[in-house]
Structure formats: structure tokens, C-alpha cells
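J.: If it helps, the file is called upload_27.txt and holds compact mmCIF, C-alpha atoms:
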# COMPACT_ATOMS: atom_id res chain seq x y z
CA MET H 1 40.35 88.96 -43.47
CA PRO H 2 40.97 90.38 -46.95
CA THR H 3 39.18 88.73 -49.86
CA ALA H 4 41.38 87.68 -52.78
CA VAL H 5 40.07 88.27 -56.30
CA ILE H 6 41.38 87.45 -59.77
CA ILE H 7 41.62 90.58 -61.90
CA ASP H 8 42.86 89.02 -65.13
CA ALA H 9 44.29 85.82 -66.59
CA VAL H 10 46.26 85.40 -69.81
CA ARG H 11 48.36 82.79 -71.54
CA SER H 12 50.67 82.35 -74.46
CA PRO H 13 49.70 80.17 -77.40
CA MET H 14 50.70 76.56 -76.93
CA GLY H 15 53.68 75.44 -79.03
CA ARG H 16 54.75 71.88 -79.71
CA GLY H 17 57.62 70.94 -77.44
CA LYS H 18 60.06 69.98 -80.15
CA GLN H 19 62.91 71.76 -81.89
CA SER H 20 60.64 72.67 -84.79
CA GLY H 21 57.86 73.92 -82.50
CA ALA H 22 56.44 77.41 -82.90
CA LEU H 23 57.89 78.63 -79.58
CA ALA H 24 61.13 76.65 -79.60
CA GLY H 25 63.08 79.68 -80.79
CA ILE H 26 62.33 81.81 -77.75
CA HIS H 27 64.06 81.54 -74.37
CA PRO H 28 61.59 80.55 -71.59
CA VAL H 29 62.44 83.72 -69.67
CA ASP H 30 61.51 85.87 -72.66
CA LEU H 31 58.37 83.83 -73.25
CA LEU H 32 57.18 84.45 -69.69
CA ALA H 33 58.30 88.09 -69.84
CA GLN H 34 55.91 88.80 -72.72
CA VAL H 35 53.03 87.18 -70.85
CA LEU H 36 53.78 89.22 -67.72
CA SER H 37 53.97 92.42 -69.75
CA ALA H 38 50.64 91.72 -71.43
CA LEU H 39 48.98 90.98 -68.07
CA VAL H 40 49.82 94.35 -66.48
CA GLU H 41 49.36 96.31 -69.72
CA ARG H 42 45.84 94.93 -70.23
CA GLN H 43 44.84 96.30 -66.83
CA GLY H 44 46.95 99.45 -66.87
CA VAL H 45 48.60 98.39 -63.61
CA ASP H 46 51.89 99.85 -62.44
CA PRO H 47 54.15 96.78 -62.15
CA GLY H 48 55.87 98.46 -59.23
CA LEU H 49 52.76 97.69 -57.16
CA ILE H 50 53.29 93.93 -57.53
CA ASP H 51 54.38 92.48 -54.18
CA ASP H 52 55.63 89.17 -55.58
CA VAL H 53 55.63 87.00 -58.71
CA LEU H 54 55.02 83.30 -57.92
CA VAL H 55 56.03 81.07 -60.82
CA GLY H 56 55.38 77.37 -61.31
CA CYS H 57 58.20 75.62 -63.16
CA VAL H 58 59.07 71.92 -63.07
CA GLY H 59 62.25 71.73 -65.16
CA GLN H 60 64.49 73.95 -63.06
CA ALA H 61 67.60 73.24 -65.11
CA GLY H 62 69.48 74.96 -67.89
CA GLU H 63 67.58 78.01 -69.13
CA GLN H 64 64.99 77.62 -66.36
CA SER H 65 67.46 77.33 -63.49
CA ALA H 66 67.94 80.94 -62.39
CA THR H 67 64.58 81.72 -60.75
CA PRO H 68 62.88 82.20 -64.13
CA GLY H 69 60.21 84.53 -62.75
CA ARG H 70 62.82 86.98 -61.48
CA GLN H 71 64.61 87.00 -64.81
CA ALA H 72 61.29 87.33 -66.68
CA LEU H 73 60.04 90.30 -64.68
CA LEU H 74 63.38 92.06 -65.21
CA ALA H 75 63.17 91.30 -68.93
CA ALA H 76 59.61 92.69 -68.90
CA GLY H 77 60.84 95.98 -67.46
CA PHE H 78 59.34 95.58 -64.00
CA PRO H 79 61.11 97.62 -61.28
CA GLU H 80 64.02 95.90 -59.59
CA HIS H 81 62.29 95.88 -56.19
CA VAL H 82 59.71 93.31 -57.42
CA PRO H 83 60.79 89.80 -56.30
CA SER H 84 59.89 86.32 -57.52
CA VAL H 85 59.96 82.73 -56.33
CA THR H 86 59.79 79.40 -58.15
CA ILE H 87 57.27 76.74 -57.10
CA GLU H 88 57.54 73.06 -57.95
CA ARG H 89 54.68 70.66 -57.26
CA LYS H 90 55.18 68.74 -60.49
CA CYS H 91 52.22 69.22 -62.87
CA GLY H 92 50.38 71.22 -60.21
CA SER H 93 53.10 73.86 -59.90
CA GLY H 94 51.12 76.61 -61.63
CA GLN H 95 47.95 75.78 -59.72
CA GLN H 96 49.92 75.84 -56.48
CA ALA H 97 51.24 79.28 -57.44
CA ILE H 98 47.61 80.47 -57.63
CA ASP H 99 46.82 78.90 -54.25
CA PHE H 100 49.84 80.51 -52.59
CA ALA H 101 48.99 83.87 -54.16
CA VAL H 102 45.42 83.73 -52.86
CA GLN H 103 46.58 82.58 -49.44
CA GLY H 104 49.11 85.43 -49.32
CA VAL H 105 46.42 88.01 -50.05
CA VAL H 106 44.01 86.53 -47.50
CA ALA H 107 46.80 86.49 -44.89
CA GLY H 108 47.57 90.15 -45.57
CA ALA H 109 51.07 89.39 -46.85
CA TYR H 110 50.24 90.65 -50.35
CA ASP H 111 48.04 93.42 -51.72
CA MET H 112 48.75 92.53 -55.34
CA VAL H 113 50.54 89.44 -56.63
CA ILE H 114 51.07 87.58 -59.89
CA ALA H 115 50.69 83.79 -60.07
CA ALA H 116 52.28 82.38 -63.20
CA GLY H 117 53.83 79.33 -64.79
CA VAL H 118 56.28 78.59 -67.56
CA GLU H 119 57.75 75.53 -69.23
CA SER H 120 59.78 75.31 -72.42
CA MET H 121 59.87 71.57 -72.94
CA SER H 122 61.61 71.93 -76.29
CA ARG H 123 64.55 73.76 -74.70
CA VAL H 124 64.56 72.12 -71.25
CA PRO H 125 63.50 68.51 -71.91
CA MET H 126 61.49 66.69 -69.27
CA GLY H 127 63.79 65.07 -66.70
CA SER H 128 66.76 67.35 -67.43
CA ALA H 129 67.34 68.04 -63.73
CA ARG H 130 67.71 64.35 -62.87
CA MET H 131 70.75 63.72 -65.07
CA GLY H 132 70.15 59.97 -64.88
CA GLN H 133 69.97 59.88 -61.09
CA ASP H 134 67.39 58.10 -58.92
CA PRO H 135 65.34 60.81 -57.15
CA LEU H 136 63.57 58.42 -54.77
CA GLY H 137 66.20 57.12 -52.38
CA VAL H 138 66.46 53.98 -50.26
CA GLY H 139 63.56 54.68 -47.87
CA VAL H 140 60.94 55.14 -50.56
CA ARG H 141 62.16 52.08 -52.46
CA ALA H 142 61.92 50.03 -49.27
CA ARG H 143 58.35 51.14 -48.58
CA TYR H 144 57.22 50.90 -52.21
CA PRO H 145 59.28 48.22 -54.00
CA LEU H 146 57.28 48.73 -57.18
CA LEU H 147 56.88 52.30 -58.45
CA VAL H 148 56.47 52.88 -62.16
CA PRO H 149 56.59 55.79 -64.63
CA GLN H 150 53.43 57.83 -65.14
CA GLY H 151 52.60 56.14 -68.43
CA LEU H 152 52.28 52.78 -66.71
CA SER H 153 50.29 54.40 -63.91
CA ALA H 154 47.91 55.66 -66.59
CA GLU H 155 47.60 52.08 -67.82
CA LEU H 156 46.82 50.85 -64.30
CA VAL H 157 44.16 53.55 -63.92
CA ALA H 158 42.58 52.56 -67.24
CA ASP H 159 42.56 48.93 -66.12
CA LYS H 160 41.11 49.64 -62.66
CA TRP H 161 38.21 51.67 -64.10
CA SER H 162 37.70 49.28 -67.05
CA LEU H 163 38.35 51.97 -69.65
CA SER H 164 38.64 50.44 -73.11
CA ARG H 165 41.11 51.55 -75.76
CA ALA H 166 38.15 52.72 -77.86
CA ARG H 167 36.85 54.87 -75.00
CA LEU H 168 40.28 56.46 -74.45
CA ASP H 169 40.67 57.26 -78.14
CA GLU H 170 37.12 58.58 -78.37
CA TYR H 171 37.83 60.93 -75.48
CA ALA H 172 41.11 62.08 -77.04
CA ALA H 173 39.39 62.89 -80.33
CA ARG H 174 36.76 64.82 -78.39
CA SER H 175 39.51 66.95 -76.80
CA HIS H 176 40.82 68.02 -80.20
CA ALA H 177 37.32 68.63 -81.55
CA LEU H 178 36.32 70.86 -78.63
CA ALA H 179 39.58 72.81 -78.71
CA ALA H 180 39.28 73.25 -82.47
CA ARG H 181 35.74 74.56 -82.09
CA ALA H 182 36.81 77.04 -79.40
CA ALA H 183 39.67 78.26 -81.58
CA ARG H 184 37.47 78.51 -84.67
CA THR H 185 34.74 80.50 -82.89
CA GLY H 186 37.13 82.88 -81.11
CA GLY H 187 36.69 81.29 -77.69
CA PHE H 188 40.39 81.58 -76.90
CA GLY H 189 40.60 85.17 -78.13
CA ASP H 190 40.30 86.76 -74.68
CA GLU H 191 43.05 84.66 -73.12
CA ILE H 192 45.84 84.30 -75.69
CA VAL H 193 48.49 87.02 -75.94
CA PRO H 194 50.65 86.99 -79.10
CA ILE H 195 54.31 86.09 -78.64
CA THR H 196 56.98 87.82 -80.73
CA LEU H 197 59.92 85.57 -81.60
CA PRO H 198 63.56 86.71 -81.81
CA ASP H 199 63.34 86.67 -85.62
CA GLY H 200 60.34 89.01 -85.56
CA GLY H 201 57.74 86.34 -86.26
CA VAL H 202 54.56 86.34 -84.20
CA VAL H 203 52.79 83.29 -82.75
CA ASP H 204 49.16 84.07 -81.95
CA ARG H 205 47.38 80.73 -81.99
CA ASP H 206 47.77 77.26 -80.51
CA GLU H 207 49.93 74.98 -82.61
CA THR H 208 48.94 71.78 -80.85
CA ILE H 209 45.31 71.35 -81.92
CA ARG H 210 44.67 68.75 -84.64
CA PRO H 211 41.11 69.31 -85.91
CA ASP H 212 41.20 66.24 -88.16
CA THR H 213 41.78 63.82 -85.26
CA THR H 214 39.36 60.90 -85.21
CA PRO H 215 39.05 57.80 -83.02
CA GLU H 216 39.81 55.70 -86.11
CA ARG H 217 43.12 57.46 -86.72
CA LEU H 218 44.06 57.22 -83.06
CA ALA H 219 43.28 53.50 -83.08
CA ALA H 220 46.19 52.95 -85.47
CA LEU H 221 48.76 54.14 -82.90
CA ALA H 222 50.75 51.57 -80.96
CA PRO H 223 50.66 51.54 -77.13
CA ALA H 224 53.53 53.69 -75.88
CA PHE H 225 54.49 51.79 -72.73
CA ALA H 226 54.03 48.11 -73.58
CA LYS H 227 57.77 47.61 -74.07
CA SER H 228 59.02 49.66 -71.12
CA PRO H 229 61.17 47.73 -68.61
CA ASP H 230 58.51 47.96 -65.89
CA ALA H 231 55.80 46.53 -68.13
CA ALA H 232 57.06 43.04 -67.34
CA HIS H 233 55.62 43.41 -63.82
CA PHE H 234 52.12 43.38 -65.33
CA PRO H 235 51.97 40.37 -67.69
CA ASP H 236 48.16 40.38 -67.85
CA LEU H 237 47.74 44.10 -68.48
CA GLU H 238 46.14 45.15 -71.77
CA PHE H 239 48.11 48.20 -72.87
CA LYS H 240 45.98 51.09 -74.18
CA ILE H 241 47.85 54.36 -73.60
CA THR H 242 49.32 55.90 -76.76
CA ALA H 243 50.84 59.20 -77.81
CA GLY H 244 47.40 60.08 -79.17
CA ASN H 245 45.44 59.69 -75.94
CA SER H 246 48.13 61.33 -73.79
CA SER H 247 48.95 64.99 -73.18
CA GLN H 248 51.33 66.69 -75.59
CA ILE H 249 54.84 67.86 -74.65
CA THR H 250 54.49 71.60 -75.03
CA ASP H 251 56.00 75.07 -74.62
CA GLY H 252 53.88 77.73 -72.94
CA ALA H 253 53.38 80.31 -70.21
CA SER H 254 50.40 81.76 -68.34
CA ALA H 255 49.81 84.35 -65.61
CA LEU H 256 47.05 85.69 -63.36
CA LEU H 257 46.82 89.03 -61.54
CA ILE H 258 45.44 88.57 -58.01
CA THR H 259 44.67 91.34 -55.52
CA SER H 260 42.65 92.07 -52.45
CA GLU H 261 39.15 93.41 -53.02
CA GLU H 262 40.17 96.63 -51.32
CA ARG H 263 43.19 97.17 -53.57
CA ALA H 264 41.04 96.45 -56.62
CA ARG H 265 38.60 99.18 -55.53
CA GLN H 266 41.44 101.62 -54.88
CA LEU H 267 42.83 101.10 -58.38
CA GLY H 268 39.50 100.93 -60.16
CA LEU H 269 40.04 97.33 -61.26
CA ARG H 270 37.11 95.01 -61.96
CA PRO H 271 37.52 91.56 -60.42
CA ARG H 272 36.63 88.70 -62.75
CA ALA H 273 36.61 85.81 -60.29
CA ARG H 274 37.54 84.55 -56.86
CA ILE H 275 38.81 81.24 -55.51
CA VAL H 276 36.06 79.76 -53.33
CA ALA H 277 38.17 76.93 -51.91
CA SER H 278 41.32 74.96 -52.61
CA ALA H 279 42.73 71.65 -51.44
CA VAL H 280 45.76 69.45 -51.87
CA CYS H 281 46.19 65.78 -51.10
CA GLY H 282 48.34 62.75 -51.62
CA ASP H 283 47.22 59.36 -52.93
CA ASP H 284 48.58 55.96 -53.99
CA PRO H 285 52.04 56.60 -55.54
CA LEU H 286 51.74 53.49 -57.74
CA LEU H 287 48.47 54.54 -59.38
CA MET H 288 49.85 58.09 -59.01
CA LEU H 289 47.20 59.82 -61.16
CA THR H 290 44.13 59.22 -58.98
CA GLY H 291 44.79 62.15 -56.65
CA PRO H 292 42.26 64.45 -58.38
CA ILE H 293 39.45 62.14 -57.28
CA ALA H 294 40.27 62.57 -53.59
CA ALA H 295 41.24 66.23 -53.96
CA THR H 296 37.88 66.98 -55.61
CA ALA H 297 35.97 65.37 -52.76
CA LYS H 298 38.03 67.38 -50.29
CA VAL H 299 37.55 70.75 -52.01
CA LEU H 300 33.82 70.21 -52.57
CA ALA H 301 33.36 69.41 -48.87
CA ARG H 302 35.43 72.44 -47.92
CA ALA H 303 33.24 74.68 -50.11
CA GLY H 304 29.97 73.06 -49.00
CA LEU H 305 29.13 72.13 -52.60
CA SER H 306 28.34 69.02 -54.61
CA ILE H 307 29.61 68.11 -58.05
CA HIS H 308 26.17 69.02 -59.42
CA ASP H 309 26.73 72.66 -58.41
CA ILE H 310 29.71 72.90 -60.79
CA ASP H 311 29.17 74.52 -64.19
CA ALA H 312 32.52 73.46 -65.70
CA ALA H 313 35.33 71.16 -64.58
CA GLU H 314 38.90 71.32 -65.83
CA VAL H 315 40.59 68.02 -64.99
CA ASN H 316 44.03 67.95 -66.52
CA GLU H 317 44.27 65.48 -69.39
CA ALA H 318 47.67 64.07 -68.52
CA PHE H 319 46.28 60.88 -70.06
CA ALA H 320 42.72 60.21 -71.19
CA SER H 321 42.30 57.71 -68.36
CA VAL H 322 42.70 60.47 -65.75
CA PRO H 323 39.56 62.59 -66.44
CA LEU H 324 37.56 59.49 -67.36
CA ALA H 325 38.35 57.77 -64.04
CA TRP H 326 37.68 61.09 -62.26
CA ARG H 327 34.25 61.38 -63.90
CA ALA H 328 33.41 57.79 -62.94
CA GLU H 329 33.76 58.86 -59.29
CA HIS H 330 32.35 62.38 -59.73
CA PRO H 331 29.55 61.90 -62.28
CA ILE H 332 29.25 65.37 -63.78
CA ASP H 333 27.51 65.95 -67.11
CA GLU H 334 30.14 65.07 -69.73
CA ALA H 335 29.51 68.36 -71.54
CA LYS H 336 30.83 70.17 -68.44
CA LEU H 337 34.11 68.23 -68.37
CA ASN H 338 36.97 70.03 -70.14
CA PRO H 339 34.48 71.85 -72.41
CA ARG H 340 37.23 73.43 -74.52
CA GLY H 341 39.41 70.38 -74.74
CA GLY H 342 42.40 69.81 -72.54
CA ALA H 343 46.05 68.87 -72.51
CA ILE H 344 45.55 66.16 -75.14
CA ALA H 345 44.74 68.93 -77.64
CA LEU H 346 46.24 72.04 -76.05
CA GLY H 347 49.33 70.44 -74.57
CA HIS H 348 50.80 70.24 -71.09
CA PRO H 349 53.68 72.69 -70.47
CA LEU H 350 54.21 71.26 -66.99
CA GLY H 351 54.75 74.29 -64.76
CA ALA H 352 52.37 76.47 -66.76
CA SER H 353 49.41 74.11 -66.98
CA GLY H 354 47.78 75.04 -63.68
CA CYS H 355 47.55 78.70 -64.68
CA ARG H 356 46.58 77.80 -68.25
CA LEU H 357 43.65 75.66 -67.10
CA MET H 358 42.43 78.38 -64.75
CA THR H 359 42.72 81.00 -67.50
CA THR H 360 40.73 78.88 -69.94
CA MET H 361 38.12 77.98 -67.33
CA ILE H 362 37.50 81.59 -66.32
CA ASN H 363 37.04 82.60 -69.94
CA HIS H 364 34.73 79.68 -70.65
CA LEU H 365 32.55 80.40 -67.62
CA GLU H 366 32.27 84.07 -68.51
CA GLN H 367 31.40 83.37 -72.13
CA SER H 368 28.93 80.58 -71.34
CA GLY H 369 27.21 82.28 -68.41
CA GLY H 370 28.48 79.76 -65.86
CA ARG H 371 29.29 80.69 -62.26
CA LEU H 372 31.26 77.89 -60.58
CA GLY H 373 34.24 76.02 -61.98
CA LEU H 374 36.33 73.21 -60.54
CA GLN H 375 39.95 72.54 -61.50
CA ALA H 376 41.87 69.39 -60.55
CA MET H 377 45.43 68.43 -61.42
CA CYS H 378 47.17 65.07 -61.03
CA GLU H 379 50.83 65.20 -60.06
CA ALA H 380 53.81 62.87 -60.04
CA GLY H 381 54.29 60.97 -56.82
CA GLY H 382 50.55 60.57 -56.29
CA MET H 383 49.53 64.13 -55.38
CA ALA H 384 46.82 66.52 -56.57
CA ASN H 385 45.55 70.09 -56.36
CA ALA H 386 41.88 71.05 -56.61
CA SER H 387 40.35 74.52 -56.71
CA ILE H 388 36.86 75.96 -57.07
CA VAL H 389 36.50 79.34 -58.76
CA GLU H 390 33.46 81.63 -58.83
CA ILE H 391 32.83 84.14 -61.60
CA LEU H 392 31.93 87.56 -60.19
CA PRO H 393 29.17 89.75 -61.62
CA HIS H 394 30.20 92.72 -63.77
Could you write out this structure as C-alpha cells?

T.:
Amino acid sequence: MPTAVIIDAVRSPMGRGKQSGALAGIHPVDLLAQVLSALVERQGVDPGLIDDVLVGCVGQAGEQSATPGRQALLAAGFPEHVPSVTIERKCGSGQQAIDFAVQGVVAGAYDMVIAAGVESMSRVPMGSARMGQDPLGVGVRARYPLLVPQGLSAELVADKWSLSRARLDEYAARSHALAARAARTGGFGDEIVPITLPDGGVVDRDETIRPDTTPERLAALAPAFAKSPDAAHFPDLEFKITAGNSSQITDGASALLITSEERARQLGLRPRARIVASAVCGDDPLLMLTGPIAATAKVLARAGLSIHDIDAAEVNEAFASVPLAWRAEHPIDEAKLNPRGGAIALGHPLGASGCRLMTTMINHLEQSGGRLGLQAMCEAGGMANASIVEILPH
């Protein structure tokens, strides 16, 4: 069977997902188009050789409703014969795009494919597609009478693993500190592509990182979900999740170029990495955010590895309780967990996050001399993706 390899991985800067955010002025299609253009231009690849463009996107409404990858590749000047498809596995949509791309190459369906993700949360607010409707239906409600929003699930996770408010805030401050250090020392330089705005301005750095964040400042924030309607179901719960120890609503895009080893040789392209194994799983839909724990066990077993073989782990920081609970079950050296910060500092542009994490992890492993990286993503509904990547020698 063909071997799939990752040739390159890039991302946009991360912009705050609000009307005043750095990327709020650019249409999500045009945001992704610039990332796609940069990806093929960096490698000197003829975009006409791309068999498909697989794009993770959660908010498929409004400006993201017309197969955004197809519109983006046309905006980027790709030939009309290049197709695209949109993938939605909630927060794991971008990671699933990578998995499908790799699987397509291994199956012989693709010689060269782009896996990407995009989300403009300032222009297509979270939940836009629901329009106030219940997406669960009668059968799910009958089986699970009590299902709660993710914020309350994060609270339940913190409670189950006895994570204190101080520990959550300490972890959140760490995320900003590590991301700030990576930005300051040029660690993100190989992965960020500048984005030109309609007014001619250029965004070339992450807007979301707050270097002055401290646990003491975070401690002053009020719990975000204590007054939600569902909170009444948990009268004894100590609420700890705040805006400060949660992921940021963000605009962003990311993309990876994936080929077969043979096609890479034919085109003179140097592979940077390969996916060793991937896994998906479902878990308790009430706790919802614990899926990465089971998915990690599954992917490690599939790869014949232990957590101690991993040089860096990217576990999406949807809430601080997620990676902390994950580490309690998979006790990796804390320095290896989200070593450049995570979604608390860099933000979580839903459909793009899976590709953004992989891009950052590949760059970190290359720059630090690591070989194996593990990525895990919690997803709404109690699902998760996990992948193991190996850096290839030059």
C-alpha cells in the first residue's frame, strides 16, 4: 500500500473572534484561500495536481455555507477541476480532514491532497446553524434525560478529577506563558503565513496571546456557567470554569499538504512527517470532554507505543480541565504537554483547530529534536480523535 507523508503544514495567525478582531474584516473563504495559496507556493507545487481539498468547518451557515473549501480554492486561483468537500466532526473536524486525507492516499484514491480547516467565529457565530432549534431529537432525550452544554461538562470533568480552581488557573496562565515564549523566540515563524486584509493591512502574528496573564489575575474572574439553567441540576457542584481557563473564540485557518511517498519522490518534495496511527471513539455524552482519554489509549495500542514514547502531546485546551484530566490518566511529563501553549492562549477556531494543532506540533518536534507526537481532540457529543505523528529525517 502507498505510504502517506506530510509535505508541509501552515496556518494563519489566530484572531480574536469578535467584531474588532484582527481577522474579522476578511471573509472566511478569502482567509482560507490565502492559506491554501501559501501552502502550494512554499513547495512550488502545481495546484492542478491536487486530487481533493478536505476542509474541516463546524459553522456551515452564512459565509461558510457554500462548501468553503471549493470557494477558497477558486479564490486562490486553483484550476477548476480541483474539488473540495466539507467535514464536520465538531472540534475534531480539521483533525478528521487529516485522517481522511491520509486514508485516501493509503487506499490509492489520492496521490496528493490538502487537509485544511477554517472557522471565522466573528462572522459566523457559534451555533448559527441551529437557529434556536433542538438538534438532539426525541430518541436521544429519552436515552439521556440530562445532557448539558460543554461548559457544564467541563465543570463535571474538573469535579470528577478533583481539579481545583487554582490548578485550572495555573494551567491557563502556563498556556499563555508558553505561547508567548514561542512567539517571542520565533517558534511560530515557520508555520504562520501572513494574511492580507481587504483594506491592505497585514496580520502576521497571533492576536490571542496575553503574555501578562497570571493565576492571580485569572482568579478574579467569575465562573462562567454557575448561573446557566442546567446548573440547577448540580446543587453541590463547585463551579470553577471561567472565560480565563477556557479556549478563546477565534478566527483562523490551517492547511497541510499530504502525498504518497512515491509522488513526493517524483516531484522532488521532502516529506516532513507521517501519521503513524489514528483513532476515533465515542464516550459519555454527559461528561462529553473525556473522549481524548479513551482515544489516546486506542491510538497508542494501535501504534504499539506507550505514552512514555511520546515526545510531545497536543491535547486541545477546550477547557483547562480537559488536558489536566487527560494527563491524570496518561501521566506524561508535564513539559511535553502542549509545550507551546494551546487553545487557551492561541484560540480555538473550531473547524481549523485540528490542522492548527498538527501544524504547531510538527514545527515543535522539528525544532526541539523530537520524533513522535500525539494529538487528541475532544468533541461535542462525547467523541474524540487521536493521532500519532512521526517526524521524518531530512

J.: Near region 20-35 of chain H, within 7 Å and counting only C-alpha atoms, which residues show up once chain neighbours fewer than 2 positions away are dropped, as a count of residues only?

T.: 32

J.: Any idea what's packed within 7 Å of region 260-277 of chain H, counting all atoms listed in the file, ignoring anything in its chain fewer than 6 positions away? Could you give it as a compact mmCIF listing (two decimals) with C-alpha atoms, in the frame of the given file?

T.:
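In the end it all went to result_21.txt:
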# COMPACT_ATOMS: atom_id res chain seq x y z
CA PRO H 2 40.97 90.38 -46.95
CA THR H 3 39.18 88.73 -49.86
CA ALA H 4 41.38 87.68 -52.78
CA VAL H 5 40.07 88.27 -56.30
CA ILE H 6 41.38 87.45 -59.77
CA ILE H 7 41.62 90.58 -61.90
CA ASP H 8 42.86 89.02 -65.13
CA VAL H 105 46.42 88.01 -50.05
CA ASP H 111 48.04 93.42 -51.72
CA MET H 112 48.75 92.53 -55.34
CA VAL H 299 37.55 70.75 -52.01
CA ARG H 302 35.43 72.44 -47.92
CA ALA H 303 33.24 74.68 -50.11
CA SER H 387 40.35 74.52 -56.71
CA ILE H 388 36.86 75.96 -57.07
CA VAL H 389 36.50 79.34 -58.76
CA GLU H 390 33.46 81.63 -58.83
CA ILE H 391 32.83 84.14 -61.60
CA LEU H 392 31.93 87.56 -60.19

J.: Region 135-144 of chain H: which residues within 12 Å, counting all atoms listed in the file, same-chain residues fewer than 6 positions away excluded, as a list in words?

T.: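 Close residues of region 135-144 of chain H: Gly127, Ala129, Asp284, Pro285, Leu286, Leu287, Ala380 and Gly381 of chain H.
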
J.: Would you work out the distance separating CA of Thr250 (chain H) from CA of Glu155 (chain H), expressed in Å to one decimal?

T.: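 CA of Glu155 (chain H) lies 21.9 Å from CA of Thr250 (chain H).
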
J.: Any idea what's packed within 6 Å of region 87-91 of chain H, counting all atoms listed in the file, ignoring anything in its chain fewer than 3 positions away? Could you give it as an MDAnalysis selection string?

T.: chainID H and resid 55:58 350:351 379

J.: For each of H:Ile307, H:Arg205, H:Gly62, H:Gln248, take the minimum atom-to-atom distance to His348 (chain H), counting all atoms listed in the file, then give the residue where this is smallest.

T.: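 Counting all atoms listed in the file, the residue closest to His348 (chain H) is H:Gln248.
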
J.: Would you mind listing what lies within 9 Å of Ala224 (chain H) as a list in words, with all atoms listed in the file counted and same-chain residues fewer than 3 positions away left out?

T.: Gly151, Leu221, Lys227, Ser228, Phe239, Lys240, Ile241, Thr242 and Ala243 of chain H

J.: Let me make sure I understand: among H:Asp212, H:Glu329, H:Glu317, H:Asp309, which one has the smallest atom-to-atom distance to Leu372 (chain H) if we use all atoms listed in the file?

T.: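 Distance minimum relative to Leu372 (chain H) lands on H:Asp309.
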
J.: Between H:Ala177, H:Leu346, H:Val157, H:Ala352, which residue has the minimum interatomic distance to Gln96 (chain H), considering only C-alpha atoms?

T.: H:Ala352

J.: Which one of H:Met377, H:Gln103, H:His394, H:Glu216 sits closest to Cys281 (chain H) if you count only C-alpha atoms?

T.: H:Met377

J.: In Å, with one decimal, what is the gap from CA of Ala343 (chain H) to CA of Ser247 (chain H)?

T.: 4.9 Å

J.: Closest to Asp51 (chain H) among H:Ala66, H:Ile209, H:Ile258, H:Ala154, using all atoms listed in the file?

T.: H:Ile258

J.: For a test of reading the model, state the distance in Å between CA of Ser162 (chain H) and CA of Leu237 (chain H), rounded to one decimal.

T.: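 Answer for the CA of Ser162 (chain H) to CA of Leu237 (chain H) separation: 11.4 Å.
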
J.: Pick the closest to Arg167 (chain H) from H:Asn245, H:Thr67, H:Asn338, H:Gln367: which is it, counting only C-alpha atoms?

T.: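 Nearest candidate to Arg167 (chain H) out of H:Asn245, H:Thr67, H:Asn338, H:Gln367: H:Asn245.
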
J.: Could you work out an axis-aligned box for region 300-305 of chain H, taking every atom the file lists and adding 4 Å on each side, and report centre and edge lengths in Å to one decimal, as AutoDock Vina command-line options?

T.:
--center_x 32.3 --center_y 72.0 --center_z -50.3 --size_x 14.3 --size_y 13.3 --size_z 12.7
